[in-house]
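Asker: Structure: start30.cif, mmCIF, C-alpha atoms, pLDDT in the B column; chains and numbers go by the auth columns.
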data_structure
loop_
_atom_site.group_PDB
_atom_site.id
_atom_site.type_symbol
_atom_site.label_atom_id
_atom_site.label_comp_id
_atom_site.label_asym_id
_atom_site.label_seq_id
_atom_site.Cartn_x
_atom_site.Cartn_y
_atom_site.Cartn_z
_atom_site.B_iso_or_equiv
_atom_site.auth_seq_id
_atom_site.auth_asym_id
ATOM 1 C CA MET A 1 -0.536 -2.954 -7.842 84.00 1 A
ATOM 2 C CA ALA A 2 -3.133 -5.427 -6.616 86.00 2 A
ATOM 3 C CA ILE A 3 -0.453 -8.014 -5.909 90.00 3 A
ATOM 4 C CA ILE A 4 1.690 -5.440 -4.093 88.00 4 A
ATOM 5 C CA ALA A 5 -1.286 -4.389 -1.951 88.00 5 A
ATOM 6 C CA VAL A 6 -2.173 -7.978 -1.000 91.00 6 A
ATOM 7 C CA ALA A 7 1.448 -8.942 -0.330 90.00 7 A
ATOM 8 C CA GLY A 8 1.988 -5.797 1.745 86.00 8 A
ATOM 9 C CA GLY A 9 -1.133 -6.520 3.779 88.00 9 A
ATOM 10 C CA ILE A 10 -0.067 -10.088 4.461 90.00 10 A
ATOM 11 C CA TYR A 11 3.412 -8.876 5.430 86.00 11 A
ATOM 12 C CA LEU A 12 1.910 -6.358 7.863 84.00 12 A
ATOM 13 C CA TRP A 13 -0.507 -8.964 9.256 85.00 13 A
ATOM 14 C CA TRP A 14 2.210 -11.490 10.114 86.00 14 A
ATOM 15 C CA GLY A 15 4.770 -8.840 11.057 77.00 15 A
ATOM 16 C CA ARG A 16 2.649 -7.367 13.842 71.00 16 A
ATOM 17 C CA ALA A 17 3.785 -9.893 16.463 67.00 17 A
ATOM 18 C CA GLY A 18 5.929 -8.347 19.164 66.00 18 A
ATOM 19 C CA LEU A 19 4.764 -4.785 18.526 69.00 19 A
ATOM 20 C CA PRO A 20 3.469 -2.477 21.256 74.00 20 A
ATOM 21 C CA ALA A 21 -0.172 -3.116 22.136 76.00 21 A
ATOM 22 C CA ALA A 22 -1.099 0.482 21.268 79.00 22 A
ATOM 23 C CA THR A 23 -0.127 -0.024 17.611 79.00 23 A
ATOM 24 C CA LEU A 24 -1.814 -3.399 17.052 83.00 24 A
ATOM 25 C CA PRO A 25 -5.260 -2.005 16.090 86.00 25 A
ATOM 26 C CA TRP A 26 -3.686 0.415 13.623 85.00 26 A
ATOM 27 C CA ILE A 27 -1.464 -2.166 11.984 86.00 27 A
ATOM 28 C CA THR A 28 -4.252 -4.751 11.898 88.00 28 A
ATOM 29 C CA GLY A 29 -6.615 -2.243 10.288 90.00 29 A
ATOM 30 C CA ILE A 30 -4.048 -1.147 7.708 89.00 30 A
ATOM 31 C CA ALA A 31 -3.207 -4.774 6.893 90.00 31 A
ATOM 32 C CA ALA A 32 -6.883 -5.697 6.450 93.00 32 A
ATOM 33 C CA ALA A 33 -7.514 -2.603 4.314 92.00 33 A
ATOM 34 C CA SER A 34 -4.472 -3.398 2.187 91.00 34 A
ATOM 35 C CA ILE A 35 -5.611 -6.987 1.548 93.00 35 A
ATOM 36 C CA LEU A 36 -9.166 -5.823 0.777 94.00 36 A
ATOM 37 C CA CYS A 37 -7.861 -3.090 -1.511 91.00 37 A
ATOM 38 C CA GLY A 38 -5.670 -5.571 -3.404 91.00 38 A
ATOM 39 C CA VAL A 39 -8.581 -7.940 -3.979 93.00 39 A
ATOM 40 C CA LEU A 40 -10.874 -5.145 -5.135 92.00 40 A
ATOM 41 C CA LEU A 41 -8.160 -3.722 -7.390 89.00 41 A
ATOM 42 C CA TRP A 42 -7.795 -7.158 -8.951 89.00 42 A
ATOM 43 C CA LEU A 43 -11.524 -6.980 -9.707 89.00 43 A
ATOM 44 C CA ARG A 44 -10.864 -3.564 -11.351 84.00 44 A
ATOM 45 C CA ILE A 45 -13.225 -1.485 -9.231 85.00 45 A
ATOM 46 C CA PRO A 46 -12.192 2.071 -10.214 77.00 46 A
ATOM 47 C CA ALA A 47 -12.751 4.045 -6.996 84.00 47 A
ATOM 48 C CA ILE A 48 -10.727 1.577 -4.935 87.00 48 A
ATOM 49 C CA LYS A 49 -7.503 3.095 -6.212 87.00 49 A
ATOM 50 C CA TRP A 50 -8.048 5.966 -3.758 91.00 50 A
ATOM 51 C CA LEU A 51 -8.357 3.488 -0.878 90.00 51 A
ATOM 52 C CA GLY A 52 -5.057 2.082 -2.080 88.00 52 A
ATOM 53 C CA VAL A 53 -3.473 5.531 -1.994 91.00 53 A
ATOM 54 C CA LEU A 54 -4.692 5.955 1.594 92.00 54 A
ATOM 55 C CA VAL A 55 -3.391 2.512 2.565 90.00 55 A
ATOM 56 C CA PHE A 56 0.066 3.269 1.187 90.00 56 A
ATOM 57 C CA ALA A 57 0.017 6.669 2.917 92.00 57 A
ATOM 58 C CA ALA A 58 -0.813 4.892 6.191 89.00 58 A
ATOM 59 C CA ILE A 59 2.037 2.436 5.646 86.00 59 A
ATOM 60 C CA CYS A 60 4.310 5.424 5.059 89.00 60 A
ATOM 61 C CA GLY A 61 3.040 6.905 8.322 87.00 61 A
ATOM 62 C CA LEU A 62 3.998 3.723 10.179 83.00 62 A
ATOM 63 C CA SER A 63 7.475 4.011 8.702 84.00 63 A
ATOM 64 C CA ILE A 64 7.752 7.664 9.728 88.00 64 A
ATOM 65 C CA ARG A 65 6.802 6.620 13.267 84.00 65 A
ATOM 66 C CA ARG A 66 9.598 4.052 13.161 81.00 66 A
ATOM 67 C CA LEU A 67 11.992 6.769 11.932 85.00 67 A
ATOM 68 C CA VAL A 68 11.101 8.947 14.923 87.00 68 A
ATOM 69 C CA LEU A 69 11.443 6.110 17.433 82.00 69 A
ATOM 70 C CA ASP A 70 14.479 4.239 16.059 81.00 70 A
ATOM 71 C CA GLY A 71 16.417 6.932 14.224 85.00 71 A
ATOM 72 C CA PHE A 72 17.513 7.163 10.610 86.00 72 A
ATOM 73 C CA SER A 73 18.850 4.201 8.668 86.00 73 A
ATOM 74 C CA LEU A 74 18.817 3.152 5.034 88.00 74 A
ATOM 75 C CA GLY A 75 16.156 0.513 5.704 84.00 75 A
ATOM 76 C CA VAL A 76 13.840 3.047 7.324 84.00 76 A
ATOM 77 C CA ALA A 77 14.394 5.463 4.437 87.00 77 A
ATOM 78 C CA LEU A 78 13.382 2.752 1.960 88.00 78 A
ATOM 79 C CA ARG A 79 10.338 1.923 4.090 85.00 79 A
ATOM 80 C CA ILE A 80 9.277 5.559 3.710 89.00 80 A
ATOM 81 C CA LEU A 81 10.096 5.999 0.011 92.00 81 A
ATOM 82 C CA LEU A 82 8.628 2.744 -1.327 90.00 82 A
ATOM 83 C CA PRO A 83 5.068 3.346 -0.009 89.00 83 A
ATOM 84 C CA ILE A 84 5.211 6.904 -1.389 92.00 84 A
ATOM 85 C CA ALA A 85 6.214 5.535 -4.800 92.00 85 A
ATOM 86 C CA CYS A 86 3.418 2.943 -4.624 88.00 86 A
ATOM 87 C CA ALA A 87 0.869 5.612 -3.648 90.00 87 A
ATOM 88 C CA ILE A 88 1.877 7.771 -6.620 92.00 88 A
ATOM 89 C CA TRP A 89 1.772 4.758 -8.937 90.00 89 A
ATOM 90 C CA MET A 90 -1.630 3.776 -7.545 87.00 90 A
ATOM 91 C CA ALA A 91 -3.004 7.294 -8.083 88.00 91 A
ATOM 92 C CA ARG A 92 -1.975 7.131 -11.741 87.00 92 A
ATOM 93 C CA ILE A 93 -4.124 4.059 -12.488 79.00 93 A
ATOM 94 C CA ASP A 94 -6.558 4.867 -15.293 77.00 94 A
ATOM 95 C CA TYR A 95 -9.309 2.299 -15.739 71.00 95 A
ATOM 96 C CA SER A 96 -10.855 4.170 -18.662 70.00 96 A
ATOM 97 C CA HIS A 97 -7.741 3.728 -20.817 63.00 97 A
ATOM 98 C CA LYS A 98 -8.308 1.500 -23.838 66.00 98 A
ATOM 99 C CA PHE A 99 -5.491 -0.020 -25.860 64.00 99 A
ATOM 100 C CA VAL A 100 -5.836 0.694 -29.570 69.00 100 A
ATOM 101 C CA ASP A 101 -3.941 -1.386 -32.099 68.00 101 A
ATOM 102 C CA ASP A 102 -3.036 0.723 -35.132 67.00 102 A
ATOM 103 C CA ASP A 103 -2.232 -2.305 -37.295 64.00 103 A
ATOM 104 C CA VAL A 104 -5.830 -3.502 -37.460 61.00 104 A
ATOM 105 C CA ALA A 105 -7.473 -2.388 -40.692 56.00 105 A
#
Please lay out the structure from this file as structure tokens.

Answerer:
Amino acid sequence: MAIIAVAGGIYLWWGRAGLPAATLPWITGIAAASILCGVLLWLRIPAIKWLGVLVFAAICGLSIRRLVLDGFSLGVALRILLPIACAIWMARIDYSHKFVDDDVA
């Protein structure tokens, strides 16, 4: 999830060229939060998973805005569903889980 968050933030950062000036602060903020969240997730800071859920919800919101402005297409539908799936996956992260090997005597 950390790699997805960093890659998504970098994609948003470079993909903001040519967008309306009103959306640039939002997209820049979401991209920076996504990169920061990915780095902190890599460091396994437990509460950061909720920042990640918010970041993916914000990315989903950007996609819903695109749906309203551009109309429905398969690409826009995937841009809405993938961040929702990532947010659910992020919310399921459990840092207190410990792997136990039953074969060790």

Asker: Which residues come within 9 Å of A:Val6, counting only C-alpha atoms, excluding same-chain residues fewer than 6 positions away, as number ranges by chain?

Answerer: A: 31, 34-39

Asker: What does the distance between atom CA of A:Ala33 and atom CA of A:Leu51 come to in Å, to one decimal place?

Answerer: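 Atom CA of A:Leu51 lies 8.0 Å from atom CA of A:Ala33.
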
Asker: The PyMOL selection byres ((chain A and resi 81) around 12) - which residues does that actually catch in the file I just gave you? List them as number ranges by chain.

Answerer: A: 56-57, 59-61, 63-64, 74-80, 82-88

Asker: Closest to A:Ala5 among A:Phe72, A:Arg92, A:Ala32, A:Leu67, using all atoms listed in the file?

Answerer: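 The closest residue to A:Ala5 is A:Ala32.
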
Asker: Name the closest residue to A:Ala47 among the candidates A:Ile27, A:Arg16, A:Ala91, A:Ile3; distances are taken between atoms, counting all atoms listed in the file.

Answerer: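 Of A:Ile27, A:Arg16, A:Ala91, A:Ile3, the one nearest A:Ala47, counting all atoms listed in the file, is A:Ala91.
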
Asker: Return as a ChimeraX atom specification the set of residues that the PyMOL selection byres ((chain A and resi 95) around 8) yields on the displayed structure.

Answerer: /A:44,46,93-94,96-97

Asker: For each of A:Ala22, A:Val53, A:Leu40, A:Ile30, take the minimum atom-to-atom distance to A:Ile10, counting only C-alpha atoms, then give the residue where this is smallest.

Answerer: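 Closest residue, counting only C-alpha atoms: A:Ile30.
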
Asker: Which of these, A:Ala21, A:Met90, A:Ala7, A:Met1, has the shortest distance to A:Leu54 once you count only C-alpha atoms?

Answerer: A:Met90

Asker: Give, as AutoDock Vina command-line options, the centre coordinates and the x, y and z edge lengths in Å to one decimal for an axis-aligned box around all listed atoms of stretch 50-62 of chain A, padded by 8 Å on each side.

Answerer:
--center_x -2.0 --center_y 4.5 --center_z 3.2 --size_x 28.7 --size_y 20.8 --size_z 29.9

Asker: Where atoms are missing, can you supply N, CA and C atoms for stretch 73-92 of chain A and output the lot as a short mmCIF file (atom, residue, chain, number, x, y, z; two decimals), in the coordinates of the input?

Answerer:
data_model
loop_
_atom_site.label_atom_id
_atom_site.label_comp_id
_atom_site.auth_asym_id
_atom_site.auth_seq_id
_atom_site.Cartn_x
_atom_site.Cartn_y
_atom_site.Cartn_z
N SER A 73 18.01 5.24 9.27
CA SER A 73 18.85 4.20 8.67
C SER A 73 18.39 4.04 7.22
N LEU A 74 19.17 3.35 6.44
CA LEU A 74 18.82 3.15 5.03
C LEU A 74 17.54 2.34 4.89
N GLY A 75 17.37 1.34 5.74
CA GLY A 75 16.16 0.51 5.70
C GLY A 75 14.90 1.32 6.00
N VAL A 76 14.99 2.21 6.99
CA VAL A 76 13.84 3.05 7.32
C VAL A 76 13.55 4.02 6.19
N ALA A 77 14.59 4.55 5.57
CA ALA A 77 14.39 5.46 4.44
C ALA A 77 13.68 4.76 3.29
N LEU A 78 14.06 3.52 3.02
CA LEU A 78 13.38 2.75 1.96
C LEU A 78 11.94 2.44 2.35
N ARG A 79 11.70 2.19 3.64
CA ARG A 79 10.34 1.92 4.09
C ARG A 79 9.46 3.16 3.99
N ILE A 80 10.05 4.34 3.91
CA ILE A 80 9.28 5.56 3.71
C ILE A 80 9.09 5.83 2.22
N LEU A 81 10.15 5.65 1.43
CA LEU A 81 10.10 6.00 0.01
C LEU A 81 9.28 5.02 -0.82
N LEU A 82 9.36 3.73 -0.52
CA LEU A 82 8.63 2.74 -1.33
C LEU A 82 7.10 2.90 -1.23
N PRO A 83 6.52 3.11 -0.05
CA PRO A 83 5.07 3.35 -0.01
C PRO A 83 4.66 4.64 -0.72
N ILE A 84 5.52 5.67 -0.66
CA ILE A 84 5.21 6.90 -1.39
C ILE A 84 5.19 6.63 -2.88
N ALA A 85 6.18 5.88 -3.37
CA ALA A 85 6.21 5.54 -4.80
C ALA A 85 5.00 4.70 -5.19
N CYS A 86 4.60 3.76 -4.33
CA CYS A 86 3.42 2.94 -4.62
C CYS A 86 2.14 3.78 -4.60
N ALA A 87 2.05 4.75 -3.70
CA ALA A 87 0.87 5.61 -3.65
C ALA A 87 0.77 6.46 -4.91
N ILE A 88 1.89 6.99 -5.38
CA ILE A 88 1.88 7.77 -6.62
C ILE A 88 1.51 6.88 -7.80
N TRP A 89 2.07 5.69 -7.85
CA TRP A 89 1.77 4.76 -8.94
C TRP A 89 0.30 4.36 -8.90
N MET A 90 -0.22 4.14 -7.70
CA MET A 90 -1.63 3.78 -7.54
C MET A 90 -2.54 4.91 -8.01
N ALA A 91 -2.18 6.15 -7.69
CA ALA A 91 -3.00 7.29 -8.08
C ALA A 91 -3.03 7.48 -9.60
N ARG A 92 -2.04 6.97 -10.29
CA ARG A 92 -1.98 7.13 -11.74
C ARG A 92 -2.77 6.07 -12.51
#
